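Visitor: This one is entry_13.cif, mmCIF, C-alpha atoms.
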data_query
loop_
_atom_site.label_atom_id
_atom_site.label_comp_id
_atom_site.auth_asym_id
_atom_site.auth_seq_id
_atom_site.Cartn_x
_atom_site.Cartn_y
_atom_site.Cartn_z
CA MET W 1 155.00 219.19 90.21
CA THR W 2 151.77 221.19 90.50
CA THR W 3 148.74 219.95 92.40
CA ARG W 4 146.84 219.87 89.13
CA THR W 5 149.45 217.64 87.49
CA ARG W 6 149.47 215.36 90.50
CA PHE W 7 145.70 215.15 90.28
CA HIS W 8 145.82 214.13 86.64
CA GLU W 9 148.51 211.57 87.37
CA ALA W 10 146.25 210.06 90.01
CA LEU W 11 143.40 210.05 87.50
CA ASP W 12 145.61 208.28 84.93
CA ASN W 13 146.58 205.75 87.57
CA LEU W 14 142.91 205.10 88.30
CA LYS W 15 142.26 204.60 84.58
CA CYS W 16 145.15 202.09 84.39
CA ARG W 17 143.80 200.17 87.38
CA LEU W 18 140.40 199.97 85.66
CA LEU W 19 142.09 198.48 82.59
CA VAL W 20 143.84 195.99 84.86
CA ILE W 21 140.61 194.76 86.46
CA GLY W 22 139.03 194.72 83.00
CA GLY W 23 141.84 192.48 81.75
CA MET W 24 141.46 190.18 84.75
CA ALA W 25 137.70 189.87 84.21
CA GLU W 26 138.10 189.22 80.46
CA ASN W 27 140.74 186.63 81.18
CA ALA W 28 138.46 184.87 83.65
CA VAL W 29 135.62 184.60 81.09
CA GLU W 30 138.03 183.39 78.40
CA GLN W 31 139.35 180.73 80.78
CA ALA W 32 135.79 179.69 81.66
CA VAL W 33 134.94 179.15 78.01
CA ARG W 34 138.19 177.23 77.50
CA ALA W 35 137.32 175.11 80.55
CA TYR W 36 133.92 174.43 78.91
CA CYS W 37 135.50 173.40 75.58
CA GLU W 38 138.25 171.27 77.14
CA ARG W 39 136.16 169.94 80.09
CA SER W 40 139.01 171.00 82.35
CA PRO W 41 138.54 171.00 86.15
CA GLU W 42 142.05 172.51 86.56
CA LEU W 43 141.03 175.61 84.60
CA CYS W 44 137.84 175.89 86.68
CA ARG W 45 139.88 175.81 89.87
CA LYS W 46 142.14 178.58 88.53
CA ILE W 47 139.06 180.75 87.96
CA PHE W 48 137.82 180.16 91.53
CA GLU W 49 141.25 181.17 92.87
CA ASN W 50 141.52 184.28 90.70
CA GLU W 51 138.13 185.61 91.81
CA VAL W 52 139.62 186.62 95.18
CA ARG W 53 142.28 188.68 93.40
CA ILE W 54 139.67 190.47 91.29
CA ASN W 55 137.76 191.40 94.46
CA VAL W 56 140.92 192.85 96.02
CA VAL W 57 141.64 195.00 92.94
CA GLU W 58 138.01 196.19 92.87
CA ARG W 59 138.33 197.37 96.46
CA GLU W 60 141.64 199.11 95.77
CA ILE W 61 140.08 201.04 92.87
CA ASP W 62 137.12 202.11 95.02
CA GLU W 63 139.47 203.36 97.72
CA LEU W 64 141.70 205.22 95.23
CA ALA W 65 138.61 206.89 93.72
CA PHE W 66 137.29 207.80 97.16
CA ASP W 67 140.65 209.31 98.21
CA LEU W 68 140.79 211.35 95.03
CA LEU W 69 137.28 212.73 95.61
CA ALA W 70 137.99 213.41 99.29
CA ARG W 71 141.37 215.13 98.87
CA GLN W 72 140.70 217.13 95.72
CA GLN W 73 137.68 219.02 94.50
CA PRO W 74 137.48 217.64 91.00
CA MET W 75 135.87 219.73 88.25
CA ALA W 76 132.53 218.52 86.89
CA VAL W 77 134.04 216.59 83.97
CA ASP W 78 136.62 214.84 86.17
CA LEU W 79 133.95 214.14 88.76
CA ARG W 80 131.79 212.44 86.14
CA PHE W 81 134.79 210.41 85.05
CA ILE W 82 135.54 209.25 88.60
CA LEU W 83 131.90 208.30 89.23
CA GLY W 84 131.96 206.42 85.93
CA ILE W 85 135.06 204.53 87.11
CA ILE W 86 133.38 203.56 90.40
CA LYS W 87 130.37 202.19 88.53
CA SER W 88 132.35 200.46 85.76
CA ASN W 89 134.58 198.91 88.41
CA ALA W 90 131.54 197.21 90.01
CA ASP W 91 130.45 195.93 86.58
CA LEU W 92 133.87 194.49 85.79
CA GLU W 93 134.02 192.68 89.12
CA ARG W 94 130.64 191.14 88.31
CA VAL W 95 131.91 190.05 84.89
CA GLY W 96 134.47 188.09 86.93
CA ASP W 97 131.58 186.63 88.98
CA GLN W 98 129.95 185.42 85.77
CA ALA W 99 133.16 183.56 84.92
CA VAL W 100 132.90 181.82 88.31
CA ASN W 101 129.25 180.93 87.65
CA ILE W 102 130.20 179.47 84.26
CA ALA W 103 133.06 177.48 85.79
CA GLU W 104 130.65 176.03 88.39
CA ARG W 105 128.41 174.87 85.55
CA VAL W 106 131.39 173.41 83.71
CA MET W 107 132.26 171.40 86.84
CA GLY W 108 128.69 170.04 86.70
CA LEU W 109 129.02 169.20 83.01
CA ILE W 110 132.31 167.36 83.53
CA GLU W 111 130.55 164.94 85.89
CA LEU W 112 128.05 164.02 83.15
CA SER W 113 128.64 162.13 79.93
CA PRO W 114 129.59 164.44 77.04
CA ALA W 115 126.69 165.52 74.79
CA GLU W 116 126.72 167.13 71.35
CA LEU W 117 124.39 170.10 71.91
CA ALA W 118 123.20 172.72 69.43
CA ALA W 119 124.69 175.63 71.40
CA ASP W 120 127.66 177.61 70.14
CA VAL W 121 128.89 178.80 73.53
CA PRO W 122 132.33 179.96 72.25
CA HIS W 123 130.64 182.17 69.62
CA MET W 124 128.28 183.75 72.15
CA ALA W 125 131.21 184.28 74.52
CA SER W 126 133.29 185.98 71.85
CA VAL W 127 130.44 188.42 71.03
CA ALA W 128 129.92 189.23 74.72
CA MET W 129 133.67 189.59 75.40
CA GLU W 130 134.12 191.88 72.41
CA MET W 131 131.38 194.09 73.87
CA VAL W 132 133.24 194.26 77.21
CA ARG W 133 136.53 195.14 75.49
CA GLN W 134 134.94 197.82 73.30
CA SER W 135 132.88 199.37 76.08
CA LEU W 136 135.92 199.64 78.34
CA GLN W 137 137.90 201.16 75.46
CA ALA W 138 135.02 203.60 74.77
CA PHE W 139 134.98 204.55 78.44
CA VAL W 140 138.69 205.21 78.93
CA SER W 141 139.06 207.00 75.59
CA GLY W 142 135.80 208.92 76.06
CA ASP W 143 134.33 207.76 72.75
CA ALA W 144 130.55 208.14 73.06
CA ASP W 145 129.90 207.02 69.47
CA VAL W 146 131.50 203.62 70.01
CA ALA W 147 129.63 203.40 73.32
CA GLN W 148 126.30 203.98 71.57
CA ARG W 149 126.98 201.27 69.05
CA ILE W 150 127.59 198.83 71.92
CA LEU W 151 124.16 199.64 73.39
CA GLU W 152 122.63 198.60 70.09
CA GLN W 153 124.59 195.31 70.04
CA ASP W 154 123.01 194.09 73.27
CA ASP W 155 119.97 192.84 71.34
CA ASN W 156 122.21 190.45 69.35
CA VAL W 157 123.37 188.73 72.52
CA ASP W 158 119.80 188.52 73.83
CA GLN W 159 118.85 186.91 70.52
CA ILE W 160 121.65 184.31 70.76
CA ASN W 161 120.55 183.58 74.32
CA HIS W 162 116.94 183.01 73.19
CA GLU W 163 118.14 180.71 70.40
CA ILE W 164 120.24 178.62 72.78
CA PHE W 165 117.34 178.48 75.24
CA ALA W 166 114.94 177.26 72.51
CA ALA W 167 117.45 174.69 71.23
CA MET W 168 118.13 173.33 74.74
CA ASN W 169 114.42 173.20 75.49
CA HIS W 170 114.03 171.07 72.37
CA THR W 171 116.93 168.82 73.45
CA MET W 172 115.38 168.27 76.87
CA GLU W 173 112.11 167.17 75.28
CA ALA W 174 113.59 165.10 72.46
CA SER W 175 116.58 163.59 74.31
CA PRO W 176 115.77 163.47 78.02
CA GLN W 177 119.01 161.61 78.70
CA PHE W 178 120.79 164.96 78.07
CA LEU W 179 118.45 167.00 80.29
CA ARG W 180 121.10 167.98 82.83
CA GLN W 181 123.64 168.89 80.18
CA ALA W 182 121.07 171.12 78.45
CA LEU W 183 120.16 172.77 81.75
CA HIS W 184 123.80 173.63 82.49
CA THR W 185 124.14 175.01 78.95
CA ILE W 186 121.11 177.30 79.45
CA SER W 187 122.76 178.66 82.60
CA ILE W 188 126.05 179.28 80.84
CA ALA W 189 124.26 181.20 78.05
CA ARG W 190 122.42 183.28 80.64
CA ASN W 191 125.70 184.09 82.38
CA LEU W 192 127.18 185.24 79.06
CA GLU W 193 124.09 187.40 78.49
CA ARG W 194 124.81 189.04 81.84
CA VAL W 195 128.41 189.67 80.74
CA ALA W 196 126.95 191.60 77.79
CA ASP W 197 124.62 193.47 80.17
CA HIS W 198 127.63 194.63 82.17
CA ALA W 199 129.25 195.80 78.91
CA THR W 200 126.18 197.93 78.15
CA ASN W 201 126.35 199.38 81.68
CA ILE W 202 129.97 200.38 81.03
CA ALA W 203 128.97 201.88 77.66
CA GLU W 204 126.28 203.93 79.44
CA ASN W 205 128.91 205.13 81.89
CA ALA W 206 131.04 206.26 78.94
CA ILE W 207 128.12 208.26 77.55
CA PHE W 208 127.31 209.70 80.98
CA TRP W 209 130.91 210.81 81.35
CA VAL W 210 131.43 212.23 77.85
CA ARG W 211 128.08 213.81 77.12
CA GLY W 212 126.54 214.26 80.53
CA SER W 213 123.49 213.08 78.66
CA ASP W 214 121.03 210.44 79.72
CA ALA W 215 121.79 207.40 77.59
CA ARG W 216 119.58 205.11 79.60
CA ARG W 217 116.44 207.17 79.16
CA HIS W 218 117.20 207.80 75.49
CA PHE W 219 117.59 204.14 74.65
CA GLY W 220 114.97 202.91 77.10
CA ILE W 221 117.51 200.40 78.35
CA ALA W 222 117.30 198.66 81.70
CA VAL W 223 120.24 196.42 82.39
CA MET V 1 119.63 229.11 106.13
CA THR V 2 123.35 228.27 106.18
CA THR V 3 125.08 226.52 103.31
CA ARG V 4 125.76 223.63 105.66
CA THR V 5 122.07 223.27 106.54
CA ARG V 6 121.12 223.45 102.87
CA PHE V 7 123.67 220.73 102.18
CA HIS V 8 122.16 218.46 104.81
CA GLU V 9 118.66 219.12 103.51
CA ALA V 10 119.83 218.07 100.06
CA LEU V 11 121.38 214.97 101.60
CA ASP V 12 118.09 214.15 103.39
CA ASN V 13 116.24 214.63 100.11
CA LEU V 14 118.62 212.17 98.43
CA LYS V 15 118.02 209.66 101.23
CA CYS V 16 114.22 210.04 100.75
CA ARG V 17 114.53 209.49 97.01
CA LEU V 18 116.51 206.31 97.68
CA LEU V 19 113.70 205.07 99.93
CA VAL V 20 111.23 205.90 97.14
CA ILE V 21 113.08 203.84 94.51
CA GLY V 22 113.49 201.10 97.14
CA GLY V 23 109.72 201.06 97.67
CA MET V 24 109.09 200.94 93.93
CA ALA V 25 111.50 198.03 93.48
CA GLU V 26 110.01 196.11 96.43
CA ASN V 27 106.54 196.72 95.11
CA ALA V 28 107.52 195.39 91.70
CA VAL V 29 108.87 192.12 93.16
CA GLU V 30 105.78 191.71 95.35
CA GLN V 31 103.54 192.21 92.32
CA ALA V 32 105.61 189.70 90.34
CA VAL V 33 105.14 187.04 93.02
CA ARG V 34 101.42 187.84 93.18
CA ALA V 35 101.25 187.55 89.38
CA TYR V 36 102.93 184.13 89.76
CA CYS V 37 100.43 182.94 92.41
CA GLU V 38 97.36 184.31 90.61
CA ARG V 39 98.58 183.58 87.04
CA SER V 40 97.68 187.18 86.21
CA PRO V 41 98.77 188.71 82.89
CA GLU V 42 97.33 192.09 83.99
CA LEU V 43 99.73 192.26 86.95
CA CYS V 44 102.61 191.30 84.65
CA ARG V 45 101.75 194.16 82.30
CA LYS V 46 101.69 196.59 85.25
CA ILE V 47 105.21 195.52 86.15
CA PHE V 48 106.44 196.09 82.58
CA GLU V 49 104.91 199.59 82.62
CA ASN V 50 106.35 200.51 86.02
CA GLU V 51 109.87 199.55 85.02
CA VAL V 52 110.17 202.74 82.95
CA ARG V 53 109.27 204.83 86.01
CA ILE V 54 111.89 203.10 88.13
CA ASN V 55 114.52 203.89 85.50
CA VAL V 56 113.53 207.58 85.52
CA VAL V 57 113.81 207.79 89.31
CA GLU V 58 117.18 206.04 89.21
CA ARG V 59 118.48 208.65 86.80
CA GLU V 60 117.10 211.53 88.90
CA ILE V 61 118.90 210.21 91.98
CA ASP V 62 122.18 209.90 90.07
CA GLU V 63 121.87 213.48 88.84
CA LEU V 64 120.99 214.81 92.33
CA ALA V 65 124.00 213.00 93.79
CA PHE V 66 126.26 214.30 91.04
CA ASP V 67 125.04 217.90 91.57
CA LEU V 68 125.66 217.63 95.29
CA LEU V 69 129.21 216.37 94.74
CA ALA V 70 129.89 219.01 92.07
CA ARG V 71 128.52 222.03 93.97
CA GLN V 72 129.67 221.21 97.48
CA GLN V 73 132.84 219.69 98.78
CA PRO V 74 131.39 217.07 101.07
CA MET V 75 133.38 215.87 104.06
CA ALA V 76 134.72 212.33 103.99
CA VAL V 77 131.76 210.80 105.85
CA ASP V 78 129.17 212.56 103.65
CA LEU V 79 131.16 211.66 100.56
CA ARG V 80 131.08 207.98 101.53
CA PHE V 81 127.34 208.27 102.09
CA ILE V 82 126.74 209.83 98.65
CA LEU V 83 128.88 207.18 96.92
CA GLY V 84 126.92 204.55 98.83
CA ILE V 85 123.68 206.09 97.54
CA ILE V 86 124.92 206.03 93.93
CA LYS V 87 125.81 202.34 94.26
CA SER V 88 122.68 201.31 96.18
CA ASN V 89 120.56 203.18 93.63
CA ALA V 90 121.96 200.98 90.83
CA ASP V 91 121.22 197.86 92.89
CA LEU V 92 117.62 198.89 93.59
CA GLU V 93 116.99 199.58 89.91
CA ARG V 94 118.26 196.07 89.16
CA VAL V 95 115.92 194.63 91.79
CA GLY V 96 113.19 196.17 89.64
CA ASP V 97 114.71 194.44 86.60
CA GLN V 98 114.44 191.10 88.40
CA ALA V 99 110.72 191.76 88.88
CA VAL V 100 110.45 192.23 85.11
CA ASN V 101 112.36 188.99 84.50
CA ILE V 102 110.03 187.13 86.86
CA ALA V 103 106.95 188.63 85.19
CA GLU V 104 108.26 187.45 81.79
CA ARG V 105 108.53 183.92 83.17
CA VAL V 106 105.04 184.17 84.65
CA MET V 107 103.73 185.13 81.19
CA GLY V 108 105.37 181.92 79.93
CA LEU V 109 103.83 179.86 82.73
CA ILE V 110 100.33 181.23 82.07
CA GLU V 111 100.48 179.83 78.53
CA LEU V 112 101.13 176.33 79.89
CA SER V 113 98.81 174.07 81.85
CA PRO V 114 99.08 174.61 85.63
CA ALA V 115 101.43 172.23 87.46
CA GLU V 116 101.79 171.51 91.17
CA LEU V 117 105.53 171.92 91.64
CA ALA V 118 107.63 171.44 94.78
CA ALA V 119 108.88 175.04 94.81
CA ASP V 120 107.80 177.53 97.47
CA VAL V 121 108.36 180.69 95.41
CA PRO V 122 106.40 183.00 97.77
CA HIS V 123 108.55 181.87 100.72
CA MET V 124 111.80 182.43 98.84
CA ALA V 125 110.52 185.84 97.69
CA SER V 126 109.61 186.89 101.22
CA VAL V 127 113.11 185.99 102.49
CA ALA V 128 114.77 187.92 99.64
CA MET V 129 112.45 190.93 100.02
CA GLU V 130 113.04 191.08 103.75
CA MET V 131 116.76 191.25 103.01
CA VAL V 132 116.21 194.19 100.65
CA ARG V 133 114.06 196.05 103.20
CA GLN V 134 116.54 195.47 106.04
CA SER V 135 119.61 196.34 103.99
CA LEU V 136 118.06 199.61 102.84
CA GLN V 137 117.07 200.40 106.42
CA ALA V 138 120.59 199.55 107.59
CA PHE V 139 122.01 201.83 104.91
CA VAL V 140 119.87 204.91 105.59
CA SER V 141 120.12 204.56 109.36
CA GLY V 142 123.83 203.73 109.22
CA ASP V 143 123.47 200.50 111.18
CA ALA V 144 126.50 198.37 110.31
CA ASP V 145 125.52 195.55 112.69
CA VAL V 146 122.21 194.92 110.92
CA ALA V 147 124.09 195.18 107.60
CA GLN V 148 126.52 192.47 108.70
CA ARG V 149 123.72 190.10 109.66
CA ILE V 150 122.25 190.51 106.17
CA LEU V 151 125.55 189.44 104.61
CA GLU V 152 125.31 186.23 106.61
CA GLN V 153 121.71 185.60 105.45
CA ASP V 154 122.68 185.43 101.78
CA ASP V 155 123.67 181.77 102.19
CA ASN V 156 120.07 180.91 103.19
CA VAL V 157 118.73 182.23 99.91
CA ASP V 158 121.44 180.40 97.96
CA GLN V 159 120.39 177.24 99.80
CA ILE V 160 116.70 177.70 98.92
CA ASN V 161 117.72 178.29 95.30
CA HIS V 162 119.72 175.04 95.25
CA GLU V 163 116.77 173.15 96.77
CA ILE V 164 114.35 174.49 94.16
CA PHE V 165 116.85 173.69 91.40
CA ALA V 166 117.21 170.09 92.63
CA ALA V 167 113.44 169.64 93.01
CA MET V 168 112.76 171.02 89.50
CA ASN V 169 115.51 168.86 88.05
CA HIS V 170 113.75 165.86 89.59
CA THR V 171 110.38 167.00 88.18
CA MET V 172 111.84 167.32 84.68
CA GLU V 173 113.16 163.77 84.85
CA ALA V 174 110.13 162.19 86.54
CA SER V 175 107.35 164.21 84.85
CA PRO V 176 108.62 165.40 81.47
CA GLN V 177 105.17 166.81 80.65
CA PHE V 178 105.97 169.60 83.17
CA LEU V 179 109.45 170.29 81.79
CA ARG V 180 108.71 173.84 80.66
CA GLN V 181 106.93 174.75 83.87
CA ALA V 182 109.91 173.48 85.89
CA LEU V 183 112.33 175.43 83.69
CA HIS V 184 110.43 178.70 84.24
CA THR V 185 110.38 178.00 87.97
CA ILE V 186 114.17 177.54 88.03
CA SER V 187 114.51 180.94 86.35
CA ILE V 188 112.19 182.62 88.83
CA ALA V 189 114.19 181.18 91.76
CA ARG V 190 117.42 182.41 90.18
CA ASN V 191 115.95 185.90 89.78
CA LEU V 192 114.99 185.92 93.46
CA GLU V 193 118.51 184.84 94.33
CA ARG V 194 119.75 187.88 92.42
CA VAL V 195 117.36 190.10 94.41
CA ALA V 196 119.09 188.80 97.56
CA ASP V 197 122.50 189.48 95.96
CA HIS V 198 121.49 193.10 95.45
CA ALA V 199 120.44 193.27 99.10
CA THR V 200 123.91 192.08 100.15
CA ASN V 201 125.46 194.75 97.89
CA ILE V 202 123.39 197.41 99.67
CA ALA V 203 124.41 195.97 103.05
CA GLU V 204 128.05 196.21 101.98
CA ASN V 205 127.47 199.84 101.02
CA ALA V 206 126.08 200.46 104.50
CA ILE V 207 129.22 199.00 106.05
CA PHE V 208 131.45 200.96 103.65
CA TRP V 209 129.67 204.14 104.63
CA VAL V 210 129.53 203.60 108.39
CA ARG V 211 132.82 201.94 109.09
CA GLY V 212 134.93 202.87 106.12
CA SER V 213 135.99 199.27 106.51
CA ASP V 214 136.25 196.63 103.85
CA ALA V 215 133.27 194.34 104.34
CA ARG V 216 133.74 192.55 101.05
CA ARG V 217 137.27 191.47 101.78
CA HIS V 218 136.43 190.55 105.36
CA PHE V 219 133.54 188.31 104.41
CA GLY V 220 135.12 187.06 101.20
CA ILE V 221 131.87 187.87 99.42
CA ALA V 222 131.56 188.35 95.69
CA VAL V 223 128.10 189.39 94.57
#
The structure in this file should be written as structure tokens.

Guide:
Amino acid sequence: MTTRTRFHEALDNLKCRLLVIGGMAENAVEQAVRAYCERSPELCRKIFENEVRINVVEREIDELAFDLLARQQPMAVDLRFILGIIKSNADLERVGDQAVNIAERVMGLIELSPAELAADVPHMASVAMEMVRQSLQAFVSGDADVAQRILEQDDNVDQINHEIFAAMNHTMEASPQFLRQALHTISIARNLERVADHATNIAENAIFWVRGSDARRHFGIAV
Amino acid sequence: MTTRTRFHEALDNLKCRLLVIGGMAENAVEQAVRAYCERSPELCRKIFENEVRINVVEREIDELAFDLLARQQPMAVDLRFILGIIKSNADLERVGDQAVNIAERVMGLIELSPAELAADVPHMASVAMEMVRQSLQAFVSGDADVAQRILEQDDNVDQINHEIFAAMNHTMEASPQFLRQALHTISIARNLERVADHATNIAENAIFWVRGSDARRHFGIAV
């Protein structure tokens, strides 16, 4: 096997590991939303346990990427790809952190009496998660067009977050007995907004890798 | 001048640029806290304007780092340093984003009647900012011991955040006329907590660079 082939095998391996951590992070957010819907402390505990595993995989990916850069002298396009992996890796680990934050809020909610609140958390979560899935797909397949569309979607999630904030603010004023529940719900929405922010970061990495262009400056995005 | 010398000059330049973006980010948070204390919409507007500049500098640093990696074949220790710069750069830009988030909340507070709340925002900000300053110093001077102490400080900021959250929760229940003010204050405290999280990320990068060891796994930290 040539050195070049071995290099590309290592690159493919790195790509696979990124998809693995992406799957773990997605899974964690999905579990957190399920824990919210079912008021399940068991699911929350699973999320806390899994966080450690996500951190270990993140570190492994960083070390693999570092070894590849140190041992080989990757061409410009491969170098951009590897730097994109290092950055996307950090974002995916932080998506996992958001799942933990949500689960902590769910634990708080479980201690309180249930409240019917005007916040569609599962809907917001599904929009944010779809952005993560698509941005990761755009990154590994090098599809800058899909990546650009994701950057434009970020406003939708911000909008949903504002709506939930306004609705919970109203609840707190109109039904003070549900103040704590509304406060936890605001936090959960903010955590989901941050999940979407990480998706836009990954989409920017895809554009950086594919085009070598400056997506952030072009879109005036700061995430 | 030898290629090696030119390489180290470029590396020094990169280090200087990182200190520049660090100064800009620090400045933005300081202005945000001043805007909070003085209820100043002018200061808030300055922060919104400066954010664009921080994003431009972030991008310049990324491109300089990429060029250096592409043109030279840095040794392992230099490679770790450059990767650390790329990661710390992203964290410093996001410190600037937190300043923007705080300024948005201050704009909200200015519209409401002033309230005496039991939240020492300037104190929390000074603790978080000191962490950013020290972590950046630890990174550029390669001081892993200072970096480790910063990792241990993160719990203090989390504690202050919890205290402010509990105090504001109490305010909302006891003095519902200040509900919105308390809600904005919770957000500001959370943004400052995220500033401290970015400082711990930079401290981890310092340890990664200096020791090549795995600080995150060792400390079980997920930020």

Visitor: Rounded to one decimal place, report the atom CA of V:Gln98-atom CA of V:Ala28 distance in Å.

Guide: 8.8 Å

Visitor: Produce a table with one row for each residue of chain W that has an atom at most 10 Å from any atom of chain V, each row naming the nearest atom pair and its distance in Å at one decimal; use all atoms listed in the file; arrange rows by chain and rising residue number; format as JSON lines.

Guide:
{"residue": "W:Glu51", "atom": "CA", "partner": "V:Ala222", "partner_atom": "CA", "distance": 8.1}
{"residue": "W:Val52", "atom": "CA", "partner": "V:Gly220", "partner_atom": "CA", "distance": 7.5}
{"residue": "W:Ile54", "atom": "CA", "partner": "V:Ala222", "partner_atom": "CA", "distance": 9.5}
{"residue": "W:Asn55", "atom": "CA", "partner": "V:Ala222", "partner_atom": "CA", "distance": 7.0}
{"residue": "W:Val56", "atom": "CA", "partner": "V:Arg217", "partner_atom": "CA", "distance": 7.0}
{"residue": "W:Glu58", "atom": "CA", "partner": "V:Arg216", "partner_atom": "CA", "distance": 9.9}
{"residue": "W:Arg59", "atom": "CA", "partner": "V:Asp214", "partner_atom": "CA", "distance": 7.7}
{"residue": "W:Asp62", "atom": "CA", "partner": "V:Leu83", "partner_atom": "CA", "distance": 9.9}
{"residue": "W:Glu63", "atom": "CA", "partner": "V:Gly212", "partner_atom": "CA", "distance": 9.6}
{"residue": "W:Phe66", "atom": "CA", "partner": "V:Arg80", "partner_atom": "CA", "distance": 7.6}
{"residue": "W:Asp67", "atom": "CA", "partner": "V:Ala76", "partner_atom": "CA", "distance": 8.8}
{"residue": "W:Leu69", "atom": "CA", "partner": "V:Leu79", "partner_atom": "CA", "distance": 7.9}
{"residue": "W:Ala70", "atom": "CA", "partner": "V:Ala76", "partner_atom": "CA", "distance": 5.8}
{"residue": "W:Arg71", "atom": "CA", "partner": "V:Ala76", "partner_atom": "CA", "distance": 8.8}
{"residue": "W:Gln72", "atom": "CA", "partner": "V:Gln73", "partner_atom": "CA", "distance": 8.8}
{"residue": "W:Gln73", "atom": "CA", "partner": "V:Gln73", "partner_atom": "CA", "distance": 6.5}
{"residue": "W:Pro74", "atom": "CA", "partner": "V:Ala70", "partner_atom": "CA", "distance": 7.8}
{"residue": "W:Met75", "atom": "CA", "partner": "V:Ala70", "partner_atom": "CA", "distance": 7.1}
{"residue": "W:Ala76", "atom": "CA", "partner": "V:Ala70", "partner_atom": "CA", "distance": 5.8}
{"residue": "W:Val77", "atom": "CA", "partner": "V:Ala70", "partner_atom": "CA", "distance": 9.4}
{"residue": "W:Asp78", "atom": "CA", "partner": "V:Ala70", "partner_atom": "CA", "distance": 9.9}
{"residue": "W:Leu79", "atom": "CA", "partner": "V:Ala70", "partner_atom": "CA", "distance": 7.2}
{"residue": "W:Arg80", "atom": "CA", "partner": "V:Phe66", "partner_atom": "CA", "distance": 7.6}
{"residue": "W:Leu83", "atom": "CA", "partner": "V:Leu83", "partner_atom": "CA", "distance": 8.3}
{"residue": "W:Ile86", "atom": "CA", "partner": "V:Lys87", "partner_atom": "CA", "distance": 8.6}
{"residue": "W:Lys87", "atom": "CA", "partner": "V:Lys87", "partner_atom": "CA", "distance": 7.3}
{"residue": "W:Ala90", "atom": "CA", "partner": "V:Lys87", "partner_atom": "CA", "distance": 8.8}
{"residue": "W:Glu93", "atom": "CA", "partner": "V:Ala222", "partner_atom": "CA", "distance": 8.2}
{"residue": "W:Arg94", "atom": "CA", "partner": "V:Val223", "partner_atom": "CA", "distance": 7.0}
{"residue": "W:Gly96", "atom": "CA", "partner": "V:Ala222", "partner_atom": "CA", "distance": 9.2}
{"residue": "W:Asp97", "atom": "CA", "partner": "V:Ala222", "partner_atom": "CA", "distance": 6.9}
{"residue": "W:Gln98", "atom": "CA", "partner": "V:Val223", "partner_atom": "CA", "distance": 9.8}
{"residue": "W:Val100", "atom": "CA", "partner": "V:Ala222", "partner_atom": "CA", "distance": 9.9}
{"residue": "W:Asn169", "atom": "CA", "partner": "V:Arg180", "partner_atom": "CA", "distance": 7.7}
{"residue": "W:Met172", "atom": "CA", "partner": "V:Leu179", "partner_atom": "CA", "distance": 8.0}
{"residue": "W:Glu173", "atom": "CA", "partner": "V:Pro176", "partner_atom": "CA", "distance": 7.3}
{"residue": "W:Pro176", "atom": "CA", "partner": "V:Glu173", "partner_atom": "CA", "distance": 7.3}
{"residue": "W:Gln177", "atom": "CA", "partner": "V:Glu173", "partner_atom": "CA", "distance": 8.8}
{"residue": "W:Leu179", "atom": "CA", "partner": "V:Glu173", "partner_atom": "CA", "distance": 7.7}
{"residue": "W:Arg180", "atom": "CA", "partner": "V:Asn169", "partner_atom": "CA", "distance": 7.7}
{"residue": "W:Leu183", "atom": "CA", "partner": "V:Leu183", "partner_atom": "CA", "distance": 8.5}
{"residue": "W:Ile186", "atom": "CA", "partner": "V:Leu183", "partner_atom": "CA", "distance": 9.9}
{"residue": "W:Ser187", "atom": "CA", "partner": "V:Ser187", "partner_atom": "CA", "distance": 9.3}
{"residue": "W:Gly212", "atom": "CA", "partner": "V:Glu63", "partner_atom": "CA", "distance": 9.6}
{"residue": "W:Asp214", "atom": "CA", "partner": "V:Arg59", "partner_atom": "CA", "distance": 7.7}
{"residue": "W:Ala215", "atom": "CA", "partner": "V:Arg59", "partner_atom": "CA", "distance": 9.9}
{"residue": "W:Arg216", "atom": "CA", "partner": "V:Asn55", "partner_atom": "CA", "distance": 7.9}
{"residue": "W:Arg217", "atom": "CA", "partner": "V:Val56", "partner_atom": "CA", "distance": 7.0}
{"residue": "W:Gly220", "atom": "CA", "partner": "V:Val52", "partner_atom": "CA", "distance": 7.6}
{"residue": "W:Ile221", "atom": "CA", "partner": "V:Asn55", "partner_atom": "CA", "distance": 8.5}
{"residue": "W:Ala222", "atom": "CA", "partner": "V:Asp97", "partner_atom": "CA", "distance": 7.0}
{"residue": "W:Val223", "atom": "CA", "partner": "V:Arg94", "partner_atom": "CA", "distance": 7.1}

Visitor: Can you pull out the residues contacting W:Gln159? Cut-off 12 Å, using all atoms listed in the file, and skip same-chain residues under 2 positions away; I want them as a PyMOL selection string.

Guide: chain W and resi 124+127+153-157+161-166+189-190+193+196

Visitor: Mind checking which residues fall within 8 Å of W:Pro41, counting all atoms listed in the file, ignoring those fewer than 2 positions away in the same chain, and posting them as a PyMOL selection string?

Guide: chain W and resi 35+39+43-45+106-107+110

Visitor: Which of these residues is nearest to V:His170, using all atoms listed in the file: V:Ala119, V:Leu18, V:Ile85, V:Met24?

Guide: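 Of V:Ala119, V:Leu18, V:Ile85, V:Met24, the one nearest V:His170 is V:Ala119, counting all atoms listed in the file.
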
Visitor: Which residues match the PyMOL selection byres ((chain W and resi 31-33) around 7) in the file above, as a PyMOL selection string?

Guide: chain W and resi 27-30+34-37+43-44+99+102-103+122

Visitor: Residues picked by the PyMOL selection byres ((chain W and resi 198) around 10) here, as a ChimeraX atom specification?

Guide: /W:88,90-95,128,131-132,135,192-197,199-204,223
